[in-house]
Amino acid sequence: QFFTEVVDASQAVDGNRRSMYDPDEMDDEQRERQLRKRLNEAFKDFCRKVENVARKNGYTLEFDIPYRDLGFMGNPNKEMVMIMPTLNCLCNLTETPFFVVDLSNVDHVHFERVTFMSKAFDMVLINKDFTKQPWRVDMIPNEEKDSIQEWLTDMEISYTEGPMNLNWKSIMSTVVGDDRFYMDTEEDEVTQKEAGWEFLRMFGRDDGSDEESEEESGYSENSGQEESEEESEEEEDFDSEDDDESDFDADDDLEEQGMDWDDMEREAAADDKRKKRDGDEDDRPQKKKRRR
């Protein structure tokens with residue numbers, strides 16, 4: 001490993017405050033930018049020379065460059081630092097002790113403390129050598145979870161998530177002693193079990209839910225067909241009743257009673273006269289009382 005300090009790890013702070021428009025302050029910032037630019041160019045030149053020497057001696061050597069856009073804040077040791085993934089590893093080289101994880105040695109990744117209430121989660125990188133304890137990165141903001149999972153998917157690394165912190169010392173001791181860890185049956189090859197890291201899933205397997213969804217969908221289809229048949233029968237009955245009612249003829253009904261339109265008009269006129277006569281008789285006693 002080769003590294004150099006780009007800026008001073010510590011800075012002496014005196015009691016005098018300096019303004020951002022102070023010429024000395026601006027000169028210091030300008031010198032720092034120029035120094036960083038020179039160091040970047042020198043490191044690139046160093047990388048090219050090393051690759052050429054390795055190529056001449058029959059070796060293939062390539063320097064890995066971190067992807068700053070995919071970086072996230074986390075706590076791999078005892079301090080929050082910027083962790084950046086590369087094509088072959090996950091690393092932080094800005095703070096000591098340095099944190100470097102070779103992705104070729106990572107078998108599985110598990111996310112702990114993934115809940116709706118928490119603002120951060122922990123990431124556990126399980127080593128392919130089960131005798132070694134996993135690497136940990138704590139206190140990762142929840143906003144970074146989707147981008148990290150997309151990156152793991154691109155790197156073809158499996159991952160699971162759960163709401164609790166797990167006892168990895170106990171888990172790894174159990175996994176080391178399981179010769180059929182990646183198989184879905186026990187030693188009798190009949191008893192079913194979860195294969196690999198499936199037991200770390202928060203909601204278990206999706207088979208049961210798929211079966212339930214299929215049963216529900218079948219039930220809903222059958223019930224939907226029955227309801228549609230009942231509705232069609234009710235519509236047919238309603239249409240038949242409408243047809244019967246439409247066949248009803250008022251004139252035929254009146255003819256059955258022995259009356260035509262002229263008879264009805266005469267009867268109505270007679271009723272009007274009778275009502276008018278009754279009304280006149282009711283008004284006469286009142287007029288007599290008024291005369292008295």
# chains A, B, ... in the order shown; residues from 1 in each chain; ligands from 1
$ residues_around --residues "Thr86 in chain A" --least-positions-apart "4" --cutoff "7 Å" --atoms "only C-alpha atoms" --output "list in words"
Asp64, Ile65, Pro66, Tyr67 and Leu90 of chain A
$ write_last_selection --atoms "N, CA, C and O atoms" --output "PDB file, in the first residue's frame"
ATOM      1  N   ASP A  64      -7.026   0.577  -8.614  1.00  0.00           N
ATOM      2  CA  ASP A  64      -8.472   0.734  -8.473  1.00  0.00           C
ATOM      3  C   ASP A  64      -8.794   2.164  -8.033  1.00  0.00           C
ATOM      4  O   ASP A  64      -8.180   2.690  -7.104  1.00  0.00           O
ATOM      5  N   ILE A  65      -9.772   2.771  -8.694  1.00  0.00           N
ATOM      6  CA  ILE A  65     -10.147   4.157  -8.398  1.00  0.00           C
ATOM      7  C   ILE A  65     -11.518   4.167  -7.724  1.00  0.00           C
ATOM      8  O   ILE A  65     -12.467   3.576  -8.247  1.00  0.00           O
ATOM      9  N   PRO A  66     -11.662   4.804  -6.571  1.00  0.00           N
ATOM     10  CA  PRO A  66     -12.972   4.848  -5.885  1.00  0.00           C
ATOM     11  C   PRO A  66     -13.992   5.680  -6.663  1.00  0.00           C
ATOM     12  O   PRO A  66     -13.654   6.635  -7.358  1.00  0.00           O
ATOM     13  N   TYR A  67     -15.271   5.269  -6.536  1.00  0.00           N
ATOM     14  CA  TYR A  67     -16.382   6.005  -7.129  1.00  0.00           C
ATOM     15  C   TYR A  67     -16.949   6.941  -6.055  1.00  0.00           C
ATOM     16  O   TYR A  67     -17.698   6.524  -5.173  1.00  0.00           O
ATOM     17  N   LEU A  90     -14.316  -2.166  -1.041  1.00  0.00           N
ATOM     18  CA  LEU A  90     -15.014  -1.087  -0.339  1.00  0.00           C
ATOM     19  C   LEU A  90     -14.001  -0.510   0.642  1.00  0.00           C
ATOM     20  O   LEU A  90     -13.462  -1.249   1.482  1.00  0.00           O
TER      21      LEU A  90
END
$ closest_residue --among "A:Ala54, A:Leu61, A:Ala270, A:Leu93" --to "Val81 in chain A" --atoms "only C-alpha atoms"
A:Leu93
$ closest_residue --among "A:Tyr182, A:Trp151, A:Phe63, A:Phe111" --to "Lys49 in chain A" --atoms "only C-alpha atoms"
A:Phe63
$ residues_around --residues "range 70-76 of chain A" --least-positions-apart "2" --cutoff "6 Å" --atoms "only C-alpha atoms" --output "list in words"
Tyr67, Arg68, Glu79, Met80, Val81, Met82, Ile83, Met84, Arg136, Val137, Asp138, Met139 and Ile140 of chain A
